[in-house]
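Structure file work39.txt (compact mmCIF, C-alpha atoms and all ligand atoms) follows.
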```
# COMPACT_ATOMS: atom_id res chain seq x y z
CA MET A 742 -44.19 223.23 248.82
CA ASN A 743 -46.34 225.49 250.94
CA ALA A 744 -47.77 228.12 248.62
CA SER A 745 -48.27 230.68 251.36
CA GLY A 746 -44.82 230.29 252.91
CA ASP A 747 -44.87 229.83 256.66
CA GLU A 748 -41.99 231.91 257.90
CA LEU A 749 -42.42 235.27 256.30
CA ALA A 750 -41.50 238.73 257.51
CA PRO A 751 -44.75 240.38 258.76
CA GLU A 752 -44.58 242.97 255.96
CA VAL A 753 -44.42 240.19 253.37
CA ARG A 754 -47.24 238.29 255.08
CA ALA A 755 -49.40 241.42 254.79
CA ILE A 756 -48.47 241.88 251.12
CA LEU A 757 -49.39 238.30 250.37
CA ASP A 758 -52.68 238.43 252.26
CA ALA A 759 -53.63 241.55 250.31
CA ALA A 760 -52.52 239.91 247.04
CA GLN A 761 -54.70 236.88 247.63
CA GLU A 762 -57.75 239.15 247.87
CA ARG A 763 -56.98 241.24 244.82
CA PRO A 764 -59.39 240.76 241.90
CA GLY A 765 -58.21 239.91 238.38
CA GLY A 766 -59.35 241.27 235.03
CA ASP A 767 -62.78 240.43 233.58
CA THR A 768 -61.52 239.50 230.16
CA ARG A 769 -58.54 237.45 229.21
CA VAL A 770 -55.67 239.55 227.87
CA SER A 771 -53.80 238.71 224.71
CA VAL A 772 -50.35 240.27 224.65
CA ASP A 773 -48.13 240.95 221.67
CA ALA A 774 -44.95 240.81 223.75
CA ARG A 775 -41.67 242.57 223.00
CA SER A 776 -39.01 239.85 223.16
CA PHE A 777 -36.86 240.04 226.27
CA PRO A 778 -34.27 237.52 225.00
CA ASP A 779 -33.83 239.62 221.83
CA ALA A 780 -33.44 242.79 223.88
CA VAL A 781 -30.76 241.12 226.02
CA GLU A 782 -28.94 239.93 222.92
CA GLU A 783 -28.99 243.41 221.36
CA THR A 784 -27.58 244.97 224.51
CA VAL A 785 -24.74 242.46 224.64
CA ALA A 786 -24.02 242.94 220.91
CA ASP A 787 -23.78 246.64 221.72
CA GLY A 788 -21.07 245.93 224.30
CA ARG A 789 -23.28 246.88 227.25
CA ILE A 790 -24.66 245.04 230.28
CA PRO A 791 -28.36 244.12 230.26
CA VAL A 792 -30.08 245.93 233.11
CA ILE A 793 -33.77 245.72 233.98
CA ALA A 794 -34.41 249.03 235.72
CA GLU A 795 -37.23 248.98 238.24
CA VAL A 796 -39.81 251.71 238.74
CA LYS A 797 -40.48 251.21 242.45
CA PRO A 798 -42.00 254.27 244.14
CA THR A 799 -41.47 252.72 247.59
CA SER A 800 -41.09 249.32 249.30
CA PRO A 801 -41.10 247.78 252.77
CA THR A 802 -37.30 248.12 252.81
CA THR A 803 -37.07 251.66 251.42
CA GLU A 804 -37.47 254.89 253.34
CA GLY A 805 -39.89 257.44 251.91
CA VAL A 806 -41.75 257.52 248.64
CA ARG A 807 -40.56 258.78 245.30
CA ASP A 808 -43.51 260.60 243.79
CA ASP A 809 -42.09 261.75 240.44
CA ASP A 810 -44.12 260.85 237.38
CA PRO A 811 -43.43 257.13 236.79
CA VAL A 812 -43.55 257.65 233.02
CA GLU A 813 -40.82 260.28 233.24
CA LEU A 814 -38.69 257.97 235.41
CA ALA A 815 -39.20 255.16 232.90
CA ARG A 816 -38.15 257.37 229.97
CA GLU A 817 -35.02 258.42 231.84
CA MET A 818 -34.14 254.79 232.56
CA VAL A 819 -34.44 253.92 228.88
CA ALA A 820 -32.35 256.98 227.97
CA GLY A 821 -29.76 255.70 230.45
CA GLY A 822 -29.57 252.40 228.56
CA ALA A 823 -32.04 250.08 230.33
CA THR A 824 -32.63 246.88 228.33
CA ALA A 825 -36.04 246.41 229.94
CA LEU A 826 -38.11 247.94 232.72
CA SER A 827 -39.73 246.41 235.76
CA VAL A 828 -42.82 248.18 237.03
CA LEU A 829 -44.39 247.49 240.42
CA THR A 830 -48.17 247.23 240.20
CA GLU A 831 -48.69 246.27 243.87
CA PRO A 832 -50.63 249.24 245.29
CA GLU A 833 -50.49 248.96 249.06
CA HIS A 834 -46.83 248.38 249.88
CA PHE A 835 -44.93 249.46 246.76
CA GLY A 836 -46.95 252.45 245.55
CA GLY A 837 -47.58 250.78 242.18
CA THR A 838 -50.61 250.87 239.89
CA THR A 839 -51.67 248.96 236.80
CA ASP A 840 -52.34 252.35 235.23
CA SER A 841 -48.73 253.47 235.53
CA LEU A 842 -47.61 250.20 233.93
CA ARG A 843 -50.01 250.81 231.05
CA ARG A 844 -48.78 254.36 230.56
CA ILE A 845 -45.13 253.37 230.82
CA ARG A 846 -45.52 250.57 228.29
CA ASP A 847 -47.14 253.05 225.88
CA ALA A 848 -44.30 255.51 226.36
CA VAL A 849 -41.27 253.25 225.82
CA ASP A 850 -40.33 250.55 223.34
CA VAL A 851 -38.35 248.20 225.60
CA PRO A 852 -39.93 245.08 227.19
CA VAL A 853 -41.76 245.77 230.46
CA LEU A 854 -42.02 243.33 233.38
CA ARG A 855 -45.06 243.44 235.61
CA LYS A 856 -43.84 243.15 239.19
CA ASP A 857 -46.62 241.97 241.45
CA PHE A 858 -47.70 239.09 243.61
CA VAL A 859 -49.79 237.16 241.11
CA VAL A 860 -51.23 234.07 242.78
CA ARG A 861 -54.29 233.29 240.67
CA GLU A 862 -54.73 232.92 236.93
CA GLU A 863 -57.30 235.71 236.50
CA GLN A 864 -54.90 238.18 238.11
CA LEU A 865 -52.82 237.84 234.94
CA ASP A 866 -55.63 239.69 233.19
CA ALA A 867 -55.35 242.86 235.28
CA VAL A 868 -53.00 244.54 232.78
CA GLU A 869 -50.87 243.76 229.73
CA SER A 870 -47.08 243.58 229.95
CA ASP A 871 -44.29 241.82 228.08
CA LEU A 872 -42.97 239.83 231.02
CA VAL A 873 -44.85 238.83 234.13
CA LEU A 874 -43.29 237.88 237.46
CA LEU A 875 -44.28 234.60 239.11
CA ILE A 876 -42.75 234.06 242.54
CA ALA A 877 -42.15 230.32 243.08
CA ARG A 878 -42.40 230.60 246.86
CA PHE A 879 -45.86 232.15 246.70
CA VAL A 880 -47.50 230.16 243.93
CA GLY A 881 -46.24 226.78 245.12
CA ASP A 882 -47.92 223.86 243.41
CA ASP A 883 -49.68 226.13 240.93
CA LEU A 884 -46.43 227.18 239.28
CA SER A 885 -46.69 224.99 236.15
CA ASP A 886 -50.30 226.02 235.59
CA LEU A 887 -49.50 229.71 235.98
CA VAL A 888 -46.47 229.50 233.66
CA GLU A 889 -48.71 227.94 231.05
CA ALA A 890 -51.57 230.38 231.66
CA ALA A 891 -49.13 233.28 231.29
CA ARG A 892 -47.74 231.90 228.01
CA GLU A 893 -51.22 231.27 226.62
CA ARG A 894 -51.85 234.99 227.01
CA GLY A 895 -48.60 235.90 225.27
CA PHE A 896 -46.61 236.88 228.38
CA GLN A 897 -43.00 235.82 228.92
CA PRO A 898 -43.05 234.50 232.49
CA LEU A 899 -40.06 235.35 234.69
CA VAL A 900 -40.03 232.84 237.53
CA GLU A 901 -38.41 234.11 240.71
CA VAL A 902 -36.61 231.71 243.06
CA HIS A 903 -34.56 232.05 246.22
CA THR A 904 -33.74 228.43 247.15
CA ARG A 905 -32.55 225.29 245.39
CA ASP A 906 -35.97 223.64 245.82
CA GLU A 907 -37.67 226.61 244.21
CA LEU A 908 -35.16 226.52 241.35
CA VAL A 909 -35.87 222.84 240.76
CA ALA A 910 -39.61 223.60 240.76
CA ALA A 911 -39.13 226.50 238.31
CA LEU A 912 -37.17 224.35 235.85
CA ALA A 913 -39.71 221.51 236.19
CA ALA A 914 -42.44 224.03 235.37
CA GLY A 915 -40.62 224.82 232.12
CA ALA A 916 -39.39 228.29 233.06
CA ASP A 917 -36.93 229.65 230.49
CA ILE A 918 -36.41 233.00 232.19
CA VAL A 919 -35.43 232.61 235.84
CA GLY A 920 -34.69 235.31 238.39
CA ILE A 921 -32.65 234.44 241.45
CA ASN A 922 -33.70 236.84 244.20
CA ASN A 923 -30.87 237.70 246.54
CA ARG A 924 -33.42 238.99 249.01
CA ASP A 925 -34.91 236.44 251.38
CA LEU A 926 -38.62 237.27 251.49
CA GLY A 927 -38.79 235.53 254.85
CA LYS A 928 -36.37 237.90 256.55
CA LEU A 929 -36.01 240.63 253.94
CA ASP A 930 -32.23 240.58 254.15
CA VAL A 931 -30.01 240.53 251.05
CA ASP A 932 -27.02 238.32 250.27
CA LEU A 933 -25.44 238.33 246.80
CA GLY A 934 -24.03 234.91 247.70
CA THR A 935 -27.51 233.47 247.01
CA PHE A 936 -27.08 234.09 243.29
CA GLU A 937 -23.54 232.73 243.32
CA GLU A 938 -24.69 229.57 245.04
CA LEU A 939 -27.65 228.77 242.80
CA ALA A 940 -26.51 230.04 239.39
CA PRO A 941 -24.31 227.00 238.61
CA GLU A 942 -27.43 224.79 238.85
CA VAL A 943 -29.17 226.66 236.04
CA PRO A 944 -28.92 225.18 232.52
CA ASP A 945 -27.26 227.39 229.89
CA ASP A 946 -30.37 227.73 227.76
CA VAL A 947 -32.22 229.47 230.59
CA LEU A 948 -31.99 233.26 230.66
CA LEU A 949 -30.77 234.06 234.14
CA VAL A 950 -31.50 237.30 235.99
CA ALA A 951 -29.83 238.40 239.23
CA GLU A 952 -32.39 240.22 241.37
CA SER A 953 -32.02 242.57 244.35
CA GLY A 954 -29.13 244.04 246.26
CA VAL A 955 -27.08 245.12 243.24
CA LYS A 956 -25.78 248.59 244.11
CA THR A 957 -22.36 249.15 242.58
CA THR A 958 -20.43 248.33 239.42
CA ASP A 959 -18.50 245.83 241.57
CA ASP A 960 -21.78 244.09 242.41
CA VAL A 961 -22.62 244.05 238.69
CA ARG A 962 -19.28 242.46 237.86
CA ARG A 963 -19.71 239.92 240.64
CA MET A 964 -23.16 238.84 239.38
CA ARG A 965 -21.96 238.73 235.74
CA GLU A 966 -19.01 236.57 236.72
CA ALA A 967 -21.39 234.25 238.53
CA GLY A 968 -23.44 233.83 235.33
CA ALA A 969 -26.08 236.56 235.29
CA ASP A 970 -27.39 237.30 231.79
CA ALA A 971 -29.17 240.37 233.15
CA LEU A 972 -29.51 242.31 236.40
CA LEU A 973 -32.70 243.59 237.97
CA VAL A 974 -31.99 246.78 239.89
CA GLY A 975 -34.48 248.85 241.86
CA THR A 976 -33.27 250.82 244.85
CA ALA A 977 -29.81 251.73 243.52
CA ILE A 978 -31.39 253.19 240.38
CA MET A 979 -34.35 254.89 242.08
CA ASP A 980 -32.03 256.64 244.54
CA GLY A 981 -30.94 259.83 242.77
CA ASP A 982 -30.61 260.46 239.01
CA VAL A 983 -32.20 257.39 237.44
CA ARG A 984 -30.71 258.02 234.01
CA GLN A 985 -27.19 258.38 235.32
CA ASN A 986 -27.58 255.42 237.68
CA THR A 987 -28.86 253.17 234.89
CA HIS A 988 -26.05 254.28 232.61
CA ALA A 989 -23.39 253.63 235.26
CA LEU A 990 -24.61 250.10 236.02
CA SER A 991 -25.05 249.08 232.37
CA THR A 992 -21.62 250.27 231.26
CA PRO A 993 -18.79 247.73 231.53
CA THR A 994 -15.94 248.84 233.77
O1 LIG B 1001 -34.28 247.33 245.09
P1 LIG B 1001 -33.38 246.19 244.74
O2 LIG B 1001 -32.64 245.63 245.91
O3 LIG B 1001 -32.46 246.54 243.59
O4 LIG B 1001 -34.32 244.98 244.23
C1 LIG B 1001 -35.05 245.05 243.03
C2 LIG B 1001 -36.00 243.85 242.91
O5 LIG B 1001 -35.22 242.70 242.79
C3 LIG B 1001 -36.94 243.76 244.11
O6 LIG B 1001 -37.72 244.91 244.10
C4 LIG B 1001 -37.82 242.53 244.09
C5 LIG B 1001 -37.42 241.28 243.82
N1 LIG B 1001 -38.48 240.43 243.87
C6 LIG B 1001 -39.57 241.11 244.17
C7 LIG B 1001 -40.88 240.70 244.30
C8 LIG B 1001 -41.84 241.63 244.55
C9 LIG B 1001 -41.51 242.95 244.73
C10 LIG B 1001 -40.20 243.40 244.61
C11 LIG B 1001 -39.22 242.47 244.31
```
Could the structure of this file be written out as structure tokens, please?
Amino acid sequence: MNASGDELAPEVRAILDAAQERPGGDTRVSVDARSFPDAVEETVADGRIPVIAEVKPTSPTTEGVRDDDPVELAREMVAGGATALSVLTEPEHFGGTTDSLRRIRDAVDVPVLRKDFVVREEQLDAVESDLVLLIARFVGDDLSDLVEAARERGFQPLVEVHTRDELVAALAAGADIVGINNRDLGKLDVDLGTFEELAPEVPDDVLLVAESGVKTTDDVRRMREAGADALLVGTAIMDGDVRQNTHALSTPT
């Protein structure tokens, strides 16, 4: 697999070029992670739907920037019933910072996913988090090594895939938390059918997350019926009252 991905939307190409240059941390982190599988189980036992709410100040597919205090947004998401949070730390295209992740993780007690374009081992050391995103398309042949490097530091790696080949690579790398991204990072368009197509190929003991494009309770139901253990929602939560939006999407209808 080509680690850089040849046919990428220009915005994504720019994100990836910037990510490749980004330095890592100087010292190796050692994380005492909050268990994501336990958090999912507790939510289900509570009769609610596990939602990972994403603090995403902006993105290449969003208009404008939300400049509220990220910590306040995070608290509201948890008050609305979020099982976990996803925090963008990519600075140039998503308005994220490692500092806001640090502050958010101090302020809440749910597991926090670091959302970034990690392509080299030392970039794992930039900041502590409970889960860390590894995007199969971008790490290519280094996936197994990065999964292992993440686990050695105490992170729970969430491996993101968009195609069958990437899913096969993720499972071969030993991923036990897999996110199927409905957004094609080549074209940036979203199709919930991606999750429906790939989910049946995922073994039952893998925790499966449906990512991107989930906007309504109907979308939530559709992804749950297709086998999603949890949903990762950004835009539809960030648009408006984040507490109310999180509550609506995590409440069974
Ligand atoms: O805003 P949405 O459509 O709800 O999507 C959230 C999340 O899945 C999306 O932000 C995302 C999925 N994979 C990524 C990788 C990097 C940055 C962002 C992402």
Report, in Å to a single decimal, how far apart atom CA of Thr802 of chain A and atom CA of Arg754 of chain A are.
14.2 Å
Expressed in Å to a single decimal, how great is the separation between atom C2 of ligand LIG 1001 (chain B) and atom CA of Gly836 of chain A?
14.2 Å
Which residues come within 9 Å of Val851 of chain A, counting all atoms listed in the file, excluding same-chain residues fewer than 5 positions away, as a PyMOL selection string?
chain A and resi 775-777+780+819+823-826+846
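Nearest to ligand LIG 1001 (chain B) of all the residues A:Val770, A:Leu990, A:Leu872, A:Ala794 is A:Ala794, based on only C-alpha atoms and all ligand atoms.
Around ligand LIG 1001 (chain B), using only C-alpha atoms and all ligand atoms and a cut-off of 8 Å, the residues in contact are Glu795, Lys797, Ser800, Leu829, Glu831, Phe835, Lys856, Asp857, Phe858, Leu874, Ile876, Glu901, Asn922, Asn923, Arg924, Val931, Ala951, Glu952, Ser953, Gly954, Val955, Lys956, Leu973, Val974, Gly975, Thr976, Ala977 and Ile978 of chain A.
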Give me, as a tab-separated table, the closest atom pair and its distance (Å, one decimal) for every residue of segment 747-780 of chain A within a cut-off of 10 Å of segment 859-864 of chain A, counting only C-alpha atoms, rows sorted by chain and rising number.
```
residue	atom	partner	partner_atom	distance
A:Leu757	CA	A:Val860	CA	8.9
A:Ala760	CA	A:Val859	CA	7.1
A:Gln761	CA	A:Val860	CA	6.6
A:Glu762	CA	A:Val860	CA	9.7
A:Arg763	CA	A:Gln864	CA	7.7
A:Pro764	CA	A:Gln864	CA	6.4
A:Gly765	CA	A:Gln864	CA	3.7
A:Gly766	CA	A:Glu863	CA	6.1
A:Asp767	CA	A:Glu863	CA	7.8
A:Thr768	CA	A:Glu863	CA	8.5
A:Arg769	CA	A:Glu863	CA	7.6
A:Val770	CA	A:Glu863	CA	9.6
```
Excluding same-chain residues fewer than 6 positions from Leu949 of chain A, what lies within 10 Å of it counting all atoms listed in the file, as a list in words?
Leu899, Val900, Asp917, Ile918, Val919, Gly920, Ile921, Phe936, Ala940, Val943, Gly968, Ala969, Asp970, Ala971 and Leu972 of chain A
Just-selected residues, C-alpha atoms written as a tab-separated table (two decimals), keeping the file's coordinate frame:
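Wrote result-v5.tsv, looks like this:
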```
chain	number	residue	atom	x	y	z
A	899	LEU	CA	-40.06	235.35	234.69
A	900	VAL	CA	-40.03	232.84	237.53
A	917	ASP	CA	-36.93	229.65	230.49
A	918	ILE	CA	-36.41	233.00	232.19
A	919	VAL	CA	-35.43	232.61	235.84
A	920	GLY	CA	-34.69	235.31	238.39
A	921	ILE	CA	-32.65	234.44	241.45
A	936	PHE	CA	-27.08	234.09	243.29
A	940	ALA	CA	-26.51	230.04	239.39
A	943	VAL	CA	-29.17	226.66	236.04
A	968	GLY	CA	-23.44	233.83	235.33
A	969	ALA	CA	-26.08	236.56	235.29
A	970	ASP	CA	-27.39	237.30	231.79
A	971	ALA	CA	-29.17	240.37	233.15
A	972	LEU	CA	-29.51	242.31	236.40
```
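Closest approach to Val796 of chain A from the set A:Thr784, A:Thr992, A:Thr987, A:Ser885 is made by A:Thr987, with distances taken over all atoms listed in the file.
Atom CA of Asp946 of chain A sits 20.0 Å away from atom CA of Ala774 of chain A.
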Which residue out of A:Ala786, A:Ala911, A:Val983, A:Val950 has the minimum interatomic distance to Asp883 of chain A when only C-alpha atoms are used?
A:Ala911
Polymer residues at most 10 Å from Glu748 of chain A, only C-alpha atoms, same-chain spacing of 6 or more positions, as a PyMOL selection string
chain A and resi 754+926-928
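Of the listed residues (A:Thr994, A:Asp886, A:His834, A:Pro941), A:His834 comes nearest to Gly805 of chain A; the distances count all atoms listed in the file.
Take the candidates A:Asp882, A:Ala967, A:Ala877, A:Val853 and check each one against Met818 of chain A using only C-alpha atoms; the shortest distance goes to A:Val853.
Checking A:Arg892, A:Ala914, A:Gly822, A:Val772 one by one against Arg984 of chain A, counting all atoms listed in the file, you find the shortest gap at A:Gly822.
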Could you model N, CA and C atoms for segment 758-786 of chain A and present them as an mmCIF file, keeping the file's coordinate frame?
```
data_model
loop_
_atom_site.group_PDB
_atom_site.id
_atom_site.type_symbol
_atom_site.label_atom_id
_atom_site.label_comp_id
_atom_site.auth_asym_id
_atom_site.auth_seq_id
_atom_site.Cartn_x
_atom_site.Cartn_y
_atom_site.Cartn_z
ATOM 1 N N ASP A 758 -51.254 238.492 251.904
ATOM 2 C CA ASP A 758 -52.680 238.430 252.260
ATOM 3 C C ASP A 758 -53.483 239.371 251.360
ATOM 4 N N ALA A 759 -52.939 240.574 251.165
ATOM 5 C CA ALA A 759 -53.630 241.550 250.310
ATOM 6 C C ALA A 759 -53.686 241.023 248.870
ATOM 7 N N ALA A 760 -52.588 240.395 248.422
ATOM 8 C CA ALA A 760 -52.520 239.910 247.040
ATOM 9 C C ALA A 760 -53.553 238.821 246.793
ATOM 10 N N GLN A 761 -53.752 237.979 247.807
ATOM 11 C CA GLN A 761 -54.700 236.880 247.630
ATOM 12 C C GLN A 761 -56.121 237.394 247.401
ATOM 13 N N GLU A 762 -56.408 238.554 247.983
ATOM 14 C CA GLU A 762 -57.750 239.150 247.870
ATOM 15 C C GLU A 762 -57.960 239.916 246.567
ATOM 16 N N ARG A 763 -56.863 240.319 245.939
ATOM 17 C CA ARG A 763 -56.980 241.240 244.820
ATOM 18 C C ARG A 763 -57.685 240.613 243.628
ATOM 19 N N PRO A 764 -58.672 241.330 243.037
ATOM 20 C CA PRO A 764 -59.390 240.760 241.900
ATOM 21 C C PRO A 764 -58.518 240.737 240.640
ATOM 22 N N GLY A 765 -58.926 239.945 239.661
ATOM 23 C CA GLY A 765 -58.210 239.910 238.380
ATOM 24 C C GLY A 765 -58.951 240.756 237.367
ATOM 25 N N GLY A 766 -58.624 240.563 236.080
ATOM 26 C CA GLY A 766 -59.350 241.270 235.030
ATOM 27 C C GLY A 766 -60.586 240.479 234.642
ATOM 28 N N ASP A 767 -61.536 241.121 233.969
ATOM 29 C CA ASP A 767 -62.780 240.430 233.580
ATOM 30 C C ASP A 767 -62.577 239.654 232.295
ATOM 31 N N THR A 768 -61.728 240.202 231.425
ATOM 32 C CA THR A 768 -61.520 239.500 230.160
ATOM 33 C C THR A 768 -60.057 239.102 230.035
ATOM 34 N N ARG A 769 -59.861 238.004 229.375
ATOM 35 C CA ARG A 769 -58.540 237.450 229.210
ATOM 36 C C ARG A 769 -57.699 238.336 228.284
ATOM 37 N N VAL A 770 -56.499 238.695 228.729
ATOM 38 C CA VAL A 770 -55.670 239.550 227.870
ATOM 39 C C VAL A 770 -54.955 238.704 226.822
ATOM 40 N N SER A 771 -54.591 239.351 225.734
ATOM 41 C CA SER A 771 -53.800 238.710 224.710
ATOM 42 C C SER A 771 -52.677 239.685 224.348
ATOM 43 N N VAL A 772 -51.465 239.331 224.748
ATOM 44 C CA VAL A 772 -50.350 240.270 224.650
ATOM 45 C C VAL A 772 -49.493 239.988 223.425
ATOM 46 N N ASP A 773 -49.118 241.057 222.739
ATOM 47 C CA ASP A 773 -48.130 240.950 221.670
ATOM 48 C C ASP A 773 -46.807 241.411 222.300
ATOM 49 N N ALA A 774 -46.081 240.444 222.884
ATOM 50 C CA ALA A 774 -44.950 240.810 223.750
ATOM 51 C C ALA A 774 -43.704 241.205 222.968
ATOM 52 N N ARG A 775 -43.004 242.200 223.496
ATOM 53 C CA ARG A 775 -41.670 242.570 223.000
ATOM 54 C C ARG A 775 -40.694 241.539 223.564
ATOM 55 N N SER A 776 -39.862 240.955 222.713
ATOM 56 C CA SER A 776 -39.010 239.850 223.160
ATOM 57 C C SER A 776 -37.910 240.305 224.119
ATOM 58 N N PHE A 777 -37.922 239.736 225.310
ATOM 59 C CA PHE A 777 -36.860 240.040 226.270
ATOM 60 C C PHE A 777 -35.539 239.387 225.862
ATOM 61 N N PRO A 778 -35.543 238.106 225.440
ATOM 62 C CA PRO A 778 -34.270 237.520 225.000
ATOM 63 C C PRO A 778 -33.607 238.318 223.874
ATOM 64 N N ASP A 779 -34.410 238.815 222.922
ATOM 65 C CA ASP A 779 -33.830 239.620 221.830
ATOM 66 C C ASP A 779 -33.235 240.917 222.367
ATOM 67 N N ALA A 780 -33.937 241.524 223.313
ATOM 68 C CA ALA A 780 -33.440 242.790 223.880
ATOM 69 C C ALA A 780 -32.113 242.568 224.604
ATOM 70 N N VAL A 781 -32.008 241.444 225.314
ATOM 71 C CA VAL A 781 -30.760 241.120 226.020
ATOM 72 C C VAL A 781 -29.629 240.933 224.999
ATOM 73 N N GLU A 782 -29.947 240.196 223.947
ATOM 74 C CA GLU A 782 -28.940 239.930 222.920
ATOM 75 C C GLU A 782 -28.444 241.223 222.265
ATOM 76 N N GLU A 783 -29.374 242.131 221.987
ATOM 77 C CA GLU A 783 -28.990 243.410 221.360
ATOM 78 C C GLU A 783 -28.083 244.223 222.269
ATOM 79 N N THR A 784 -28.395 244.209 223.554
ATOM 80 C CA THR A 784 -27.580 244.970 224.510
ATOM 81 C C THR A 784 -26.159 244.426 224.549
ATOM 82 N N VAL A 785 -26.059 243.096 224.579
ATOM 83 C CA VAL A 785 -24.740 242.460 224.640
ATOM 84 C C VAL A 785 -23.966 242.750 223.344
ATOM 85 N N ALA A 786 -24.668 242.664 222.202
ATOM 86 C CA ALA A 786 -24.020 242.940 220.910
ATOM 87 C C ALA A 786 -23.500 244.371 220.861
#
```
